[in-house]
file structure39.tsv (TSV, C-alpha atoms)
chain	number	residue	atom	x	y	z
A	1	MET	CA	119.47	352.68	140.07
A	2	SER	CA	115.83	352.72	141.15
A	3	ALA	CA	112.98	355.12	140.58
A	4	SER	CA	111.25	354.03	143.72
A	5	GLY	CA	113.78	354.88	146.43
A	6	ALA	CA	113.44	352.76	149.53
A	7	ALA	CA	110.09	351.26	148.51
A	8	PRO	CA	110.20	347.44	148.03
A	9	ARG	CA	110.54	346.50	144.37
A	10	ALA	CA	109.26	343.58	142.30
A	11	ILE	CA	110.86	342.27	139.11
A	12	LEU	CA	107.89	342.18	136.73
A	13	GLU	CA	107.04	343.04	133.13
A	14	VAL	CA	104.03	345.35	133.09
A	15	ARG	CA	102.95	346.52	129.64
A	16	LEU	CA	102.02	350.21	129.62
A	17	ARG	CA	101.05	353.06	127.37
A	18	VAL	CA	103.24	356.11	127.95
A	19	TRP	CA	102.97	359.64	126.57
A	20	GLY	CA	104.39	363.09	127.00
A	21	MET	CA	106.65	365.65	125.31
A	22	GLY	CA	110.01	364.46	124.02
A	23	ALA	CA	113.29	366.35	124.32
A	24	ASP	CA	112.72	367.38	120.67
A	25	ASN	CA	109.55	369.23	121.74
A	26	GLN	CA	107.39	366.74	119.86
A	27	PRO	CA	104.55	364.87	121.63
A	28	PHE	CA	104.85	361.08	121.79
A	29	HIS	CA	102.50	358.21	122.63
A	30	GLN	CA	103.78	354.63	122.61
A	31	ASN	CA	103.82	351.19	124.23
A	32	ALA	CA	106.52	350.39	126.79
A	33	VAL	CA	107.32	347.88	129.54
A	34	ALA	CA	107.70	348.69	133.24
A	35	GLN	CA	110.21	346.55	135.14
A	36	ASN	CA	111.63	346.69	138.66
A	37	VAL	CA	108.36	348.22	139.87
A	38	SER	CA	107.12	349.40	143.24
A	39	LYS	CA	104.03	351.17	144.54
A	40	THR	CA	105.75	354.52	143.97
A	41	GLY	CA	107.69	354.11	140.73
A	42	ALA	CA	109.29	351.90	138.11
A	43	CYS	CA	112.00	351.49	135.53
A	44	ILE	CA	110.31	351.79	132.12
A	45	CYS	CA	112.08	350.19	129.14
A	46	GLY	CA	111.61	350.58	125.42
A	47	PHE	CA	111.29	354.37	125.14
A	48	GLU	CA	111.67	355.40	121.51
A	49	HIS	CA	111.91	359.08	122.45
A	50	GLN	CA	114.35	361.04	124.56
A	51	VAL	CA	112.93	362.66	127.67
A	52	LYS	CA	114.60	364.84	130.28
A	53	VAL	CA	115.02	364.45	134.03
A	54	GLY	CA	112.22	366.43	135.69
A	55	ASP	CA	109.72	365.91	132.84
A	56	ILE	CA	106.20	364.74	133.67
A	57	ILE	CA	104.87	361.86	131.58
A	58	GLY	CA	101.56	360.01	131.52
A	59	VAL	CA	101.35	356.24	132.04
A	60	GLN	CA	98.43	353.86	131.66
A	61	TYR	CA	98.05	350.23	132.75
A	62	GLU	CA	94.78	348.71	131.50
A	63	THR	CA	92.23	351.44	132.36
A	64	LYS	CA	94.24	353.12	135.14
A	65	LYS	CA	96.20	356.28	134.40
A	66	ALA	CA	98.72	358.26	136.43
A	67	ARG	CA	101.33	360.97	136.03
A	68	CYS	CA	104.99	360.30	136.78
A	69	LYS	CA	108.12	362.40	137.12
A	70	VAL	CA	111.25	361.33	135.24
A	71	ILE	CA	114.12	360.97	137.72
A	72	TRP	CA	116.77	359.34	135.53
A	73	VAL	CA	117.32	358.45	131.86
A	74	MET	CA	119.76	355.88	130.44
A	75	GLU	CA	120.62	354.77	126.91
A	76	ALA	CA	120.20	350.98	127.07
A	77	GLY	CA	120.50	350.04	123.40
A	78	GLY	CA	118.98	346.96	121.77
A	79	LEU	CA	115.35	346.12	122.54
A	80	LYS	CA	115.42	348.14	125.76
A	81	LYS	CA	116.23	351.31	123.77
A	82	VAL	CA	116.00	354.16	126.31
A	83	GLN	CA	115.34	353.24	129.96
A	84	VAL	CA	113.60	355.79	132.16
A	85	GLY	CA	113.24	355.78	135.95
A	86	VAL	CA	109.97	357.34	137.05
A	87	GLN	CA	108.31	358.23	140.33
A	88	LEU	CA	104.58	358.74	140.76
A	89	VAL	CA	103.57	362.37	141.23
A	90	ALA	CA	102.19	363.10	144.71
A	91	ASP	CA	98.56	361.99	145.18
A	92	GLN	CA	98.63	359.75	142.09
A	93	GLU	CA	97.43	356.19	142.63
A	94	CYS	CA	99.69	353.36	141.48
A	95	PRO	CA	98.14	352.05	138.22
A	96	TRP	CA	99.94	348.67	138.39
A	97	LEU	CA	99.16	348.05	142.07
A	98	SER	CA	97.16	344.89	141.24
A	99	GLN	CA	100.29	343.34	139.68
A	100	LEU	CA	102.47	343.73	142.78
A	101	PRO	CA	103.00	340.68	145.03
A	102	GLU	CA	100.48	340.29	147.84
A	103	GLU	CA	103.04	341.09	150.54
A	104	MET	CA	103.78	344.46	148.89
A	105	ARG	CA	100.09	345.29	148.49
A	106	SER	CA	99.16	344.26	152.03
A	107	HIS	CA	101.80	346.48	153.61
A	108	LEU	CA	100.85	349.72	151.95
A	109	PRO	CA	101.11	352.71	154.28
A	110	PRO	CA	97.83	354.38	155.25
A	111	SER	CA	96.81	357.02	152.72
A	112	VAL	CA	98.67	360.14	153.41
A	113	PRO	CA	97.48	361.47	156.63
A	114	ALA	CA	95.44	360.45	154.04
A	115	ASN	CA	94.69	363.27	151.79
A	116	ARG	CA	95.24	366.66	153.25
A	117	ARG	CA	93.21	368.31	150.53
A	118	LYS	CA	90.14	370.20	151.66
A	119	PHE	CA	88.25	368.54	148.78
A	120	GLN	CA	88.71	364.89	147.87
A	121	ARG	CA	89.74	364.40	144.24
A	122	HIS	CA	87.79	361.97	142.05
A	123	LYS	CA	89.43	360.16	139.15
A	124	ILE	CA	86.43	360.27	136.85
A	125	SER	CA	85.74	361.77	133.44
A	126	PHE	CA	83.90	365.07	133.97
A	127	PRO	CA	82.91	367.23	130.96
A	128	VAL	CA	83.82	370.92	131.12
A	129	GLU	CA	84.09	373.79	128.65
A	130	LEU	CA	87.12	376.08	128.86
A	131	ARG	CA	87.68	379.47	127.26
A	132	ASP	CA	90.98	381.31	127.23
A	133	GLU	CA	89.78	384.77	128.27
A	134	ARG	CA	92.15	386.43	125.77
A	135	VAL	CA	90.68	384.72	122.69
A	136	ASN	CA	87.30	383.43	123.95
A	137	THR	CA	87.53	380.22	121.87
A	138	PRO	CA	85.68	377.36	123.60
A	139	MET	CA	87.45	374.05	124.24
A	140	ARG	CA	85.21	371.14	125.27
A	141	VAL	CA	87.17	368.54	127.21
A	142	ASN	CA	86.77	365.89	129.89
A	143	ALA	CA	88.49	366.77	133.15
A	144	THR	CA	90.09	364.03	135.23
A	145	ASP	CA	91.26	364.00	138.83
A	146	VAL	CA	88.58	366.57	139.69
A	147	SER	CA	87.38	368.13	142.97
A	148	GLY	CA	85.39	371.14	144.11
A	149	ASN	CA	88.57	373.20	143.98
A	150	GLY	CA	90.03	372.25	140.61
A	151	CYS	CA	90.81	369.55	138.08
A	152	TYR	CA	93.40	368.15	135.73
A	153	ILE	CA	92.88	368.40	131.95
A	154	GLU	CA	94.70	365.95	129.70
A	155	THR	CA	95.97	367.78	126.63
A	156	VAL	CA	99.07	367.60	124.45
A	157	MET	CA	99.36	371.40	124.33
A	158	PRO	CA	98.53	372.83	127.78
A	159	PHE	CA	98.17	376.54	128.38
A	160	ALA	CA	100.93	378.48	130.12
A	161	VAL	CA	100.90	378.66	133.91
A	162	SER	CA	98.78	381.61	135.16
A	163	THR	CA	96.60	381.65	132.02
A	164	LEU	CA	93.13	382.88	133.03
A	165	LEU	CA	90.23	380.76	131.85
A	166	ARG	CA	86.46	380.79	131.86
A	167	ILE	CA	85.06	377.39	132.87
A	168	ASP	CA	81.54	376.02	132.44
A	169	PHE	CA	80.13	372.70	133.65
A	170	TRP	CA	76.88	371.14	134.81
A	171	ILE	CA	75.77	370.13	138.30
A	172	ASP	CA	72.68	368.03	137.61
A	173	GLN	CA	70.47	370.42	135.58
A	174	GLU	CA	72.29	373.62	136.58
A	175	ARG	CA	74.92	375.19	134.35
A	176	VAL	CA	77.76	376.68	136.40
A	177	SER	CA	80.18	379.32	135.08
A	178	GLY	CA	83.22	380.78	136.75
A	179	SER	CA	86.83	381.82	136.34
A	180	ALA	CA	89.83	379.53	136.68
A	181	ALA	CA	93.61	379.68	136.35
A	182	VAL	CA	96.26	377.25	135.11
A	183	ARG	CA	98.46	376.29	138.08
A	184	THR	CA	100.62	373.48	136.64
A	185	ARG	CA	101.69	372.69	133.09
A	186	ASP	CA	103.01	369.32	131.88
A	187	PRO	CA	103.82	369.56	128.12
A	188	GLY	CA	102.48	366.59	126.20
A	189	VAL	CA	100.43	365.44	129.20
A	190	GLY	CA	98.09	368.12	130.54
A	191	MET	CA	97.52	370.98	132.99
A	192	GLY	CA	96.26	371.49	136.52
A	193	ILE	CA	93.49	374.07	136.92
A	194	GLU	CA	92.24	375.87	140.02
A	195	PHE	CA	88.66	377.13	140.15
A	196	THR	CA	89.60	380.60	141.36
A	197	GLY	CA	86.25	382.32	140.71
A	198	LEU	CA	83.81	379.83	142.21
A	199	LYS	CA	82.11	380.85	145.43
A	200	GLU	CA	82.56	378.49	148.37
A	201	GLU	CA	78.96	377.25	148.20
A	202	LEU	CA	79.40	376.32	144.53
A	203	LYS	CA	82.63	374.47	145.33
A	204	GLN	CA	80.78	372.55	148.04
A	205	ALA	CA	77.91	371.80	145.64
A	206	LEU	CA	80.35	370.54	143.00
A	207	GLN	CA	82.12	368.36	145.55
A	208	ALA	CA	78.80	366.87	146.70
A	209	HIS	CA	77.90	366.20	143.04
A	210	LEU	CA	81.24	364.45	142.45
A	211	ASP	CA	80.85	362.42	145.65
A	212	LYS	CA	77.48	361.26	144.32
A	213	LEU	CA	78.90	360.36	140.89
A	214	ASP	CA	81.83	358.46	142.41
A	215	PRO	CA	80.61	357.24	145.82
A	216	GLY	CA	83.30	354.59	146.33
A	217	ILE	CA	86.08	357.02	147.15
A	218	SER	CA	83.90	359.11	149.45
A	219	VAL	CA	83.54	356.28	151.93
A	220	GLN	CA	87.29	356.40	152.57
A	221	ARG	CA	87.34	360.17	152.85
A	222	GLN	CA	88.73	361.62	156.05
A	223	LYS	CA	87.15	364.55	157.83
A	224	PRO	CA	88.30	367.70	155.98
A	225	LEU	CA	90.85	369.92	157.67
A	226	GLU	CA	89.43	372.92	159.46
call {"tool": "encode", "arguments": {"input": "structure39.tsv", "output": "structure tokens"}}
result
Amino acid sequence: MSASGAAPRAILEVRLRVWGMGADNQPFHQNAVAQNVSKTGACICGFEHQVKVGDIIGVQYETKKARCKVIWVMEAGGLKKVQVGVQLVADQECPWLSQLPEEMRSHLPPSVPANRRKFQRHKISFPVELRDERVNTPMRVNATDVSGNGCYIETVMPFAVSTLLRIDFWIDQERVSGSAAVRTRDPGVGMGIEFTGLKEELKQALQAHLDKLDPGISVQRQKPLE
């Protein structure tokens, strides 16, 4: 059974770090090996923790991180322990792409009519301060996968979906404050946040700031949708 559907697969051994929330509701973080890999998924061997179909887990190869959805789980026994089939979450870049054979890398489809987001997301570390509006306790974190419209925060204990937050960050020398809301929650991995209270001009200013911090991705950016 394959996690990557019809995508061509390569039989490799790619050493990863994986993390998430186990079926016992305890966070885990461990080494594992991806085999039978493609540009969209893999079979990961050596899980020491039980996970459930539908769970979101984090994976890291060298410095590249991504989020994956568990699509099957199998008790393998021996050194392989638990095997897990995963598929990259939409818009996540394949962290082991450099390890795929040249013919698989050279026949990648064009980026999704490439990215239909109004704002291009940047996979950089961007410091923000969050406050749960019910308790007003500040949490200083580094956002990843960030755009003018929202970001992803890596945290073992994400807030519940729809939690209202106060968010503060800097654009050059200007401190920006606004409201935000949790839109997705991946226990043991993180949460997706939408900047609900930022005016359009501030979203545009943040996007321009991110484009300047991470210029490489901006060159490939398509014209935003009207």
call {"tool": "residues_near_point", "arguments": {"input": "structure39.tsv", "point": "(114.7, 361.0, 137.0)", "cutoff": "8 Å", "atoms": "all atoms listed in the file", "output": "number ranges by chain"}}
result
A: 3, 52-54, 69-73, 84-87
call {"tool": "atom_distance", "arguments": {"input": "structure39.tsv", "atom1": "atom CA of A:Asp145", "atom2": "atom CA of A:Ile124"}}
result
6.4 Å
call {"tool": "closest_residue", "arguments": {"input": "structure39.tsv", "among": "A:Ile153, A:Ala34, A:Ala23, A:Ala66", "to": "A:Glu93", "atoms": "only C-alpha atoms"}}
result
A:Ala66
call {"tool": "closest_atom_pairs", "arguments": {"input": "structure39.tsv", "of": "stretch 99-189 of chain A", "to": "stretch 201-206 of chain A", "cutoff": "9 Å", "atoms": "all atoms listed in the file", "output": "tab-separated table"}}
result
residue	atom	partner	partner_atom	distance
A:Phe119	CA	A:Gln204	CA	8.5
A:Ser147	CA	A:Leu206	CA	7.4
A:Gly148	CA	A:Lys203	CA	4.5
A:Asn149	CA	A:Lys203	CA	6.2
A:Trp170	CA	A:Leu206	CA	8.9
A:Ile171	CA	A:Leu206	CA	6.6
A:Val176	CA	A:Leu202	CA	8.3
call {"tool": "residues_around", "arguments": {"input": "structure39.tsv", "residues": "A:Val135", "least_positions_apart": "6", "cutoff": "12 Å", "atoms": "all atoms listed in the file", "output": "list in words"}}
result
Thr163, Leu164, Leu165 and Arg166 of chain A
call {"tool": "atom_distance", "arguments": {"input": "structure39.tsv", "atom1": "atom CA of A:Gln173", "atom2": "atom CA of A:Glu200"}}
result
19.4 Å
call {"tool": "closest_residue", "arguments": {"input": "structure39.tsv", "among": "A:Cys68, A:Ile57, A:Val82, A:Ile167", "to": "A:Gly150", "atoms": "all atoms listed in the file"}}
result
A:Ile167
call {"tool": "atom_distance", "arguments": {"input": "structure39.tsv", "atom1": "atom CA of A:Val59", "atom2": "atom CA of A:Trp19"}}
result
6.6 Å
call {"tool": "residues_around", "arguments": {"input": "structure39.tsv", "residues": "A:Val182", "least_positions_apart": "4", "cutoff": "6 Å", "atoms": "only C-alpha atoms", "output": "PyMOL selection string"}}
result
chain A and resi 161-163+192-193
call {"tool": "closest_residue", "arguments": {"input": "structure39.tsv", "among": "A:Ala76, A:Ser179, A:Asp168, A:Gln120", "to": "A:Met139", "atoms": "only C-alpha atoms"}}
result
A:Asp168
call {"tool": "residues_around", "arguments": {"input": "structure39.tsv", "residues": "A:Val141", "least_positions_apart": "5", "cutoff": "7 Å", "atoms": "only C-alpha atoms", "output": "ChimeraX atom specification"}}
result
/A:127-129
call {"tool": "closest_residue", "arguments": {"input": "structure39.tsv", "among": "A:Asp55, A:Asp91, A:Arg67, A:Ile11", "to": "A:Arg121", "atoms": "only C-alpha atoms"}}
result
A:Asp91
